[in-house]
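Single-structure report; data block below.
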Amino acid sequence: MYFPNYHWHLEISSKCTLKCPRCPRTEQKGSYVVSEISLEQLIETFSQDLFLNEAQKITLCGGQGDPIYHSQFLEVVRFFKSLRPRKIVTIVTNGSHKKRDWWQELAAILDYGDDITFSVDGYDASSNQRYRVNSDWSSTIEAIKTMSTSRAQVIWNTIFFKFNQEHIQEIKNLALRTGADAFRLTRSHLFASFDKPYYLNEQGIDPLEPDSQYLPEALRVAKKMEWFNPQSEKNLKASERYREFHISRKKAVEQTLERYEDSLMFPNCQFGYRGNYVDVEGQFYPCSWVSHPAPEEETPSFLKAFYRAHRVKFNVLKNPLHQVLSDPLWEEVLKQWDSPHHLPEIRECHRKCQKQFFDSEEIRHYLSLGNKSQESRIDRLRNIADLEVSEGKVSLRYCGKFKNTQSLWEWKNWAFPEDKLTIYLPFRKRELTYADVEQNMYLTFLWSTHQLAREAQLTGKFKVEVRFEKEGAEK
Ligand SMILES: C[S@@+](CC[C@H](N)C(=O)[O-])C[C@H]1O[C@@H](n2cnc3c(N)ncnc32)[C@H](O)[C@@H]1O
Ligand code: SF4
Ligand code: SF4
């Protein structure tokens with residue numbers, strides 16, 4: 001078996017009533033099937049021994065749909081909750097357009113340890129519409145209130161946008177008043193400055209991207225969760241229910257650490273962090289990130305070719321689960337993550353699962369990045385970048401291996417966390433101090449390096465180089 005089986009993420013529905021502008025279902029309309037996995041198919045597939053014996057948690061979310069719009073959603077949840085040994089169920093939804101009695105039924109099905117996340121980005125009906133287009137505020141608020149009476153934990157999730165950047169405290173207060181158990185602030189990368197120039201409008205502005213003065217707070221963590229009452233009965237019972245799950249995860253993490261000791265990668269999918277992913281067509285993927293890889297013109301997609309050649313083999317609605325998960329063809333994917341010198345061709349793996357880019361406290365703890373000497377970090381980095389280190393000065397060639405400028409920045413923080421550095425961009429004769437970059441120039445910096453790197457690749461006329469120089473060093 002090539003993947004751990006204790007956590008699964010299922011896209012039971014690719015239907016949705018909303019039109020969030022940066023959701024793949026809105027952006028890539030027509031390129032995916034609008035459908036659902038029928039209750040019968042779910043029962044047949046997930047009553048197999050492998051799933052019954054090993055699955056502990058099921059996340060009902062998906063990449064391009066909302067689970068609550070499955071035509072038999074309540075029956076689906078009832079089915080998963082009826083399985084033995086018992087499973088934890090997690091639901092992620094926009095929460096709109098359902099009636100109170102429907103939520104009451106769901107509330108009665110869920111148990112301690114289960115949770116439901118409501119994606120709400122506004123502080124009132126009209127601000128929520130700024131991203132959650134077509135949402136129905138009053139039904140969402142009613143849903144949160146109703147679910148707060150259930151045994152399941154209720155999480156209010158807000159993505160940090162320009163339109164809510166000054167209202168975070170207000171939203172958090174509203175979440176508490178409405179009955180949520182926790183508030184989570186999520187940092188999105190779906191903005192122009194993160195290598196996505198297509199989000200700029202005619203004035204050269206990304207209208208949804210938070211202003212730079214708000215960024216330091218938002219950039220520190222990918223997701224910030226705050227429990228309103230950590231000692232509540234729900235929370236304590238949930239911790240009990242999660243005990244076994246955490247034991248499985250710790251074991252999987254340790255095995256992954258051992259196996260990838262020398263690799264540049266720490267693949268999430270090898271320790272079940274995000275769950276084995278099944279999309280609405282029944283395709284199995286190691287995680288949801290790789291289920292909709294970047295468009296081909298942006299990057300040669302190893303996975304697209306892989307799935308084109310072997311699609312039917314990796315469909316769990318057409319093959320037994322154990323066969324899909326133990327197919328020797330997975331070796332081709334797994335070997336991508338093994339090298340101590342090369343990053344995988346799969347762009348999502350390259351971006352999401354390199355060791356130094358984990359910003360989850362928990363994973364960083366496992367990886368013990370903090371304990372590595374600076375020499376050993378720099379040594380590791382020599383493997384992935386053209387790096388010159390001489391006294392007081394570090395130069396790095398912005399090469400193909402560093403496709404993502406955000407990675408470049410995080411890399412700098414990883415290798416030289418203590419140093420005050422001046423970042424020198426030889427082109428356009430610009431110099432930015434470390435403080436400038438951290439405070440408010442961060443995005444400009446990312447944007448300009450990326451643009452220049454792209455131009456350089458296209459024209460081949462000049463080499464792009466970014467130098468980090470210790471303060472006071474001679475230029
Ligand atoms: C495609 S949605 C599916 C679940 C559900 N429909 C929802 O929106 O919560 C999966 C996740 O993507 C998140 N999401 C949507 N737009 C996003 C964006 N622009 N940046 C970051 N996450 C986003 C949602 O909040 C949700 O947590
Ligand atoms: S609610 Fe979720 S699935 Fe629906 S459009 Fe928004 S992000 Fe996409
Ligand atoms: S991005 Fe790649 S390495 Fe990371 S979890 Fe997904 S498949 Fe695994």
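Ligands are numbered from 1 in the order shown, chains are lettered A, B, ... in the order of the structure tokens, and residues start at 1 in each chain.
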**OP:** Return as number ranges by chain the residues of protein, DNA or RNA that approach ligand 2 to within 12 Å, with only C-alpha atoms and all ligand atoms taken into account.
**Re:** A: 11-29, 34, 60-69, 91-97, 117-121, 128-136, 140, 157-159, 190
May I have the residues from that selection written out with C-alpha atoms, as a PDB file, in the first residue's frame?
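Writing the result to out_0.pdb gives the following:
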```pdb
ATOM      1  CA  GLU A  11     -15.539  15.177  -3.231  1.00  0.00           C
ATOM      2  CA  ILE A  12     -19.027  13.715  -3.101  1.00  0.00           C
ATOM      3  CA  SER A  13     -20.487  16.636  -5.086  1.00  0.00           C
ATOM      4  CA  SER A  14     -19.160  19.090  -7.644  1.00  0.00           C
ATOM      5  CA  LYS A  15     -22.406  21.029  -7.516  1.00  0.00           C
ATOM      6  CA  CYS A  16     -22.661  24.421  -5.886  1.00  0.00           C
ATOM      7  CA  THR A  17     -25.102  27.312  -5.777  1.00  0.00           C
ATOM      8  CA  LEU A  18     -22.375  29.947  -5.399  1.00  0.00           C
ATOM      9  CA  LYS A  19     -19.974  31.519  -7.856  1.00  0.00           C
ATOM     10  CA  CYS A  20     -16.910  32.444  -5.821  1.00  0.00           C
ATOM     11  CA  PRO A  21     -14.711  34.118  -8.430  1.00  0.00           C
ATOM     12  CA  ARG A  22     -11.470  32.272  -7.616  1.00  0.00           C
ATOM     13  CA  CYS A  23     -12.904  28.828  -7.063  1.00  0.00           C
ATOM     14  CA  PRO A  24     -11.803  26.367  -9.777  1.00  0.00           C
ATOM     15  CA  ARG A  25     -15.475  25.662 -10.554  1.00  0.00           C
ATOM     16  CA  THR A  26     -15.962  29.321 -11.524  1.00  0.00           C
ATOM     17  CA  GLU A  27     -12.570  29.868 -13.125  1.00  0.00           C
ATOM     18  CA  GLN A  28     -12.519  26.675 -15.136  1.00  0.00           C
ATOM     19  CA  LYS A  29     -16.196  26.393 -15.912  1.00  0.00           C
ATOM     20  CA  VAL A  34     -20.927  18.691 -12.531  1.00  0.00           C
ATOM     21  CA  LEU A  60     -16.385  15.922   2.969  1.00  0.00           C
ATOM     22  CA  CYS A  61     -15.212  18.995   1.077  1.00  0.00           C
ATOM     23  CA  GLY A  62     -13.936  18.760  -2.500  1.00  0.00           C
ATOM     24  CA  GLY A  63     -12.114  20.979  -4.923  1.00  0.00           C
ATOM     25  CA  GLN A  64     -14.897  22.277  -7.117  1.00  0.00           C
ATOM     26  CA  GLY A  65     -18.161  21.788  -5.357  1.00  0.00           C
ATOM     27  CA  ASP A  66     -19.934  21.873  -2.073  1.00  0.00           C
ATOM     28  CA  PRO A  67     -20.895  18.646  -0.305  1.00  0.00           C
ATOM     29  CA  ILE A  68     -24.242  19.915   1.070  1.00  0.00           C
ATOM     30  CA  TYR A  69     -25.674  20.103  -2.463  1.00  0.00           C
ATOM     31  CA  ILE A  91     -17.694  18.872   6.555  1.00  0.00           C
ATOM     32  CA  VAL A  92     -16.640  22.052   4.722  1.00  0.00           C
ATOM     33  CA  THR A  93     -19.410  24.188   3.215  1.00  0.00           C
ATOM     34  CA  ASN A  94     -20.587  27.681   2.343  1.00  0.00           C
ATOM     35  CA  GLY A  95     -23.754  26.854   4.303  1.00  0.00           C
ATOM     36  CA  SER A  96     -26.218  28.728   2.061  1.00  0.00           C
ATOM     37  CA  HIS A  97     -29.714  27.971   0.809  1.00  0.00           C
ATOM     38  CA  THR A 117     -16.587  24.458   8.767  1.00  0.00           C
ATOM     39  CA  PHE A 118     -18.623  27.341   7.369  1.00  0.00           C
ATOM     40  CA  SER A 119     -16.798  29.450   4.779  1.00  0.00           C
ATOM     41  CA  VAL A 120     -17.974  32.986   5.491  1.00  0.00           C
ATOM     42  CA  ASP A 121     -15.801  35.894   4.430  1.00  0.00           C
ATOM     43  CA  ASN A 128     -20.080  38.301   2.072  1.00  0.00           C
ATOM     44  CA  GLN A 129     -21.298  38.615  -1.527  1.00  0.00           C
ATOM     45  CA  ARG A 130     -17.998  40.270  -2.445  1.00  0.00           C
ATOM     46  CA  TYR A 131     -16.467  36.808  -2.639  1.00  0.00           C
ATOM     47  CA  ARG A 132     -19.288  34.400  -1.836  1.00  0.00           C
ATOM     48  CA  VAL A 133     -21.311  35.454  -4.875  1.00  0.00           C
ATOM     49  CA  ASN A 134     -24.942  34.190  -4.734  1.00  0.00           C
ATOM     50  CA  SER A 135     -24.673  33.335  -1.063  1.00  0.00           C
ATOM     51  CA  ASP A 136     -27.708  33.709   1.134  1.00  0.00           C
ATOM     52  CA  THR A 140     -25.969  30.644   6.453  1.00  0.00           C
ATOM     53  CA  ASN A 157     -13.594  30.173   8.410  1.00  0.00           C
ATOM     54  CA  THR A 158     -12.770  33.543   6.883  1.00  0.00           C
ATOM     55  CA  ILE A 159     -10.363  34.099   4.005  1.00  0.00           C
ATOM     56  CA  LEU A 190      -4.918  33.255  -5.063  1.00  0.00           C
TER      57      LEU A 190
END
```
Original post:
What residues have any atom no more than 8 Å from ligand 3 when counting only C-alpha atoms and all ligand atoms, and can you list them as a PyMOL selection string?
Top reply: chain A and resi 265-270+273-274+285-290+337+346-353
Original post:
Using only C-alpha atoms and all ligand atoms, which of A:His9, A:Lys145, A:Arg243, A:Arg249 sits nearest ligand 1?
Top reply: A:His9
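Remark: for ligand 1, the closest of the candidate residues A:Leu185, A:Leu334, A:Leu329, A:Ala252 is A:Leu185 (distances computed over only C-alpha atoms and all ligand atoms).
From atom CA of A:Ala55 back to atom CA of A:Lys335, the distance works out to 25.4 Å.
The shell of residues at most 8 Å from A:Pro85, with only C-alpha atoms counted and near chain neighbours (fewer than 2 positions) removed, consists of Leu52, Asn53, Leu83 and Lys87 of chain A.
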Next, dump the selected residues to file, keeping only C-alpha atoms, as a CSV table (one decimal), in the first residue's frame.
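Ended up saving to result_24.csv:
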```csv
chain,number,residue,atom,x,y,z
A,52,LEU,CA,-13.9,-0.1,7.3
A,53,ASN,CA,-10.8,-1.3,9.1
A,83,LEU,CA,-19.8,2.5,9.8
A,87,LYS,CA,-15.4,7.3,11.9
```
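Minimum distance to A:Phe191 across A:His342, A:Tyr6, A:Leu74, A:Leu208 (counting only C-alpha atoms) occurs at A:Leu208.
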Subject >> DSSP-assigned helix (DSSP H, G or I) among stretch 234-321 of chain A, expressed as an NGL selection string >> reply: :A and (234-259 or 268-270 or 289-291 or 302-314 or 321)
Preceding selection exported with N, CA and C atoms as a short mmCIF file (atom, residue, chain, number, x, y, z; two decimals), in the first residue's frame:
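File selection.cif, as written:
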```
data_model
loop_
_atom_site.label_atom_id
_atom_site.label_comp_id
_atom_site.auth_asym_id
_atom_site.auth_seq_id
_atom_site.Cartn_x
_atom_site.Cartn_y
_atom_site.Cartn_z
N LYS A 234 -17.71 19.95 24.25
CA LYS A 234 -17.49 19.51 22.86
C LYS A 234 -16.01 19.32 22.57
N ASN A 235 -15.22 20.32 22.99
CA ASN A 235 -13.79 20.26 22.68
C ASN A 235 -13.11 19.11 23.42
N LEU A 236 -13.47 18.92 24.67
CA LEU A 236 -12.82 17.86 25.46
C LEU A 236 -13.20 16.49 24.89
N LYS A 237 -14.47 16.33 24.52
CA LYS A 237 -14.91 15.04 23.96
C LYS A 237 -14.25 14.82 22.59
N ALA A 238 -14.08 15.91 21.85
CA ALA A 238 -13.44 15.77 20.53
C ALA A 238 -11.99 15.30 20.70
N SER A 239 -11.30 15.84 21.71
CA SER A 239 -9.90 15.42 21.93
C SER A 239 -9.84 13.92 22.21
N GLU A 240 -10.81 13.44 22.99
CA GLU A 240 -10.84 12.00 23.27
C GLU A 240 -11.02 11.20 21.97
N ARG A 241 -11.97 11.67 21.16
CA ARG A 241 -12.26 10.95 19.91
C ARG A 241 -11.04 10.96 18.98
N TYR A 242 -10.22 12.00 19.09
CA TYR A 242 -9.09 12.14 18.19
C TYR A 242 -7.84 11.36 18.66
N ARG A 243 -7.93 10.77 19.85
CA ARG A 243 -6.71 10.16 20.41
C ARG A 243 -6.11 9.13 19.45
N GLU A 244 -6.96 8.23 18.99
CA GLU A 244 -6.48 7.15 18.12
C GLU A 244 -5.95 7.71 16.79
N PHE A 245 -6.66 8.71 16.30
CA PHE A 245 -6.27 9.35 15.04
C PHE A 245 -4.86 9.94 15.17
N HIS A 246 -4.59 10.59 16.30
CA HIS A 246 -3.28 11.20 16.49
C HIS A 246 -2.17 10.16 16.61
N ILE A 247 -2.51 9.01 17.18
CA ILE A 247 -1.51 7.94 17.27
C ILE A 247 -1.16 7.47 15.86
N SER A 248 -2.20 7.28 15.03
CA SER A 248 -1.95 6.83 13.64
C SER A 248 -1.11 7.87 12.91
N ARG A 249 -1.45 9.14 13.13
CA ARG A 249 -0.73 10.17 12.39
C ARG A 249 0.74 10.25 12.83
N LYS A 250 0.96 10.14 14.13
CA LYS A 250 2.34 10.23 14.63
C LYS A 250 3.17 9.09 14.01
N LYS A 251 2.56 7.90 13.98
CA LYS A 251 3.28 6.75 13.42
C LYS A 251 3.61 7.01 11.94
N ALA A 252 2.61 7.51 11.21
CA ALA A 252 2.82 7.76 9.78
C ALA A 252 3.87 8.86 9.57
N VAL A 253 3.85 9.87 10.42
CA VAL A 253 4.84 10.96 10.30
C VAL A 253 6.24 10.39 10.53
N GLU A 254 6.37 9.56 11.57
CA GLU A 254 7.71 9.02 11.88
C GLU A 254 8.24 8.15 10.74
N GLN A 255 7.34 7.34 10.19
CA GLN A 255 7.78 6.49 9.07
C GLN A 255 8.19 7.36 7.87
N THR A 256 7.43 8.44 7.65
CA THR A 256 7.74 9.31 6.50
C THR A 256 9.08 10.02 6.73
N LEU A 257 9.30 10.46 7.96
CA LEU A 257 10.57 11.14 8.27
C LEU A 257 11.75 10.22 8.00
N GLU A 258 11.57 8.97 8.40
CA GLU A 258 12.66 8.00 8.20
C GLU A 258 12.92 7.78 6.71
N ARG A 259 11.82 7.56 6.00
CA ARG A 259 11.96 7.27 4.57
C ARG A 259 12.52 8.46 3.79
N ASN A 268 3.23 15.26 2.22
CA ASN A 268 2.03 15.18 3.06
C ASN A 268 1.27 13.88 2.89
N CYS A 269 1.17 13.46 1.62
CA CYS A 269 0.32 12.31 1.32
C CYS A 269 0.89 11.01 1.89
N GLN A 270 2.16 11.03 2.31
CA GLN A 270 2.74 9.83 2.88
C GLN A 270 2.42 9.71 4.37
N TRP A 289 -4.54 18.70 -3.78
CA TRP A 289 -3.75 19.70 -4.52
C TRP A 289 -3.43 19.22 -5.94
N VAL A 290 -3.09 17.94 -6.04
CA VAL A 290 -2.69 17.45 -7.37
C VAL A 290 -3.89 17.03 -8.22
N SER A 291 -5.09 17.18 -7.66
CA SER A 291 -6.24 16.72 -8.44
C SER A 291 -6.60 17.70 -9.56
N PHE A 302 3.57 16.34 -15.26
CA PHE A 302 3.85 14.92 -15.14
C PHE A 302 2.56 14.16 -14.81
N LEU A 303 1.81 14.73 -13.87
CA LEU A 303 0.62 14.02 -13.41
C LEU A 303 -0.46 13.91 -14.46
N LYS A 304 -0.61 14.99 -15.26
CA LYS A 304 -1.64 14.94 -16.29
C LYS A 304 -1.36 13.78 -17.24
N ALA A 305 -0.07 13.66 -17.62
CA ALA A 305 0.31 12.58 -18.53
C ALA A 305 0.10 11.22 -17.86
N PHE A 306 0.44 11.16 -16.60
CA PHE A 306 0.31 9.92 -15.83
C PHE A 306 -1.15 9.47 -15.80
N TYR A 307 -2.02 10.42 -15.46
CA TYR A 307 -3.44 10.07 -15.39
C TYR A 307 -4.05 9.81 -16.77
N ARG A 308 -3.54 10.49 -17.78
CA ARG A 308 -4.06 10.25 -19.12
C ARG A 308 -3.78 8.79 -19.51
N ALA A 309 -2.60 8.34 -19.14
CA ALA A 309 -2.22 6.98 -19.51
C ALA A 309 -2.91 5.91 -18.66
N HIS A 310 -3.17 6.25 -17.38
CA HIS A 310 -3.62 5.18 -16.47
C HIS A 310 -4.92 5.50 -15.76
N ARG A 311 -5.68 6.40 -16.30
CA ARG A 311 -6.86 6.93 -15.61
C ARG A 311 -7.77 5.85 -15.01
N VAL A 312 -8.12 4.88 -15.84
CA VAL A 312 -9.11 3.89 -15.39
C VAL A 312 -8.59 3.10 -14.18
N LYS A 313 -7.29 2.83 -14.20
CA LYS A 313 -6.70 2.05 -13.09
C LYS A 313 -6.87 2.71 -11.74
N PHE A 314 -6.93 4.05 -11.73
CA PHE A 314 -6.96 4.76 -10.45
C PHE A 314 -8.34 5.30 -10.11
N LEU A 321 -10.60 -0.81 -3.80
CA LEU A 321 -9.72 0.19 -3.17
C LEU A 321 -8.29 -0.33 -2.99
#
```
Subject >> Proximity to A:Ala152 - best of A:Ser301, A:Leu106, A:Asp124, A:Tyr2, only C-alpha atoms >> reply: A:Leu106
In stretch 235-372 of chain A, what's strand (DSSP E or B) per DSSP? Answer as a tab-separated table (two decimals) with C-alpha atoms, in the first residue's frame?
```tsv
chain	number	residue	atom	x	y	z
A	265	MET	CA	10.62	16.66	0.23
A	276	ASN	CA	-6.37	10.36	0.36
A	277	TYR	CA	-8.44	12.25	-2.20
A	278	VAL	CA	-11.28	10.91	-4.34
A	283	GLN	CA	-10.48	9.29	-9.42
A	284	PHE	CA	-8.04	8.63	-6.63
A	285	TYR	CA	-5.28	11.21	-6.04
A	315	ASN	CA	-10.71	5.01	-10.34
A	354	GLN	CA	9.30	20.80	0.23
```
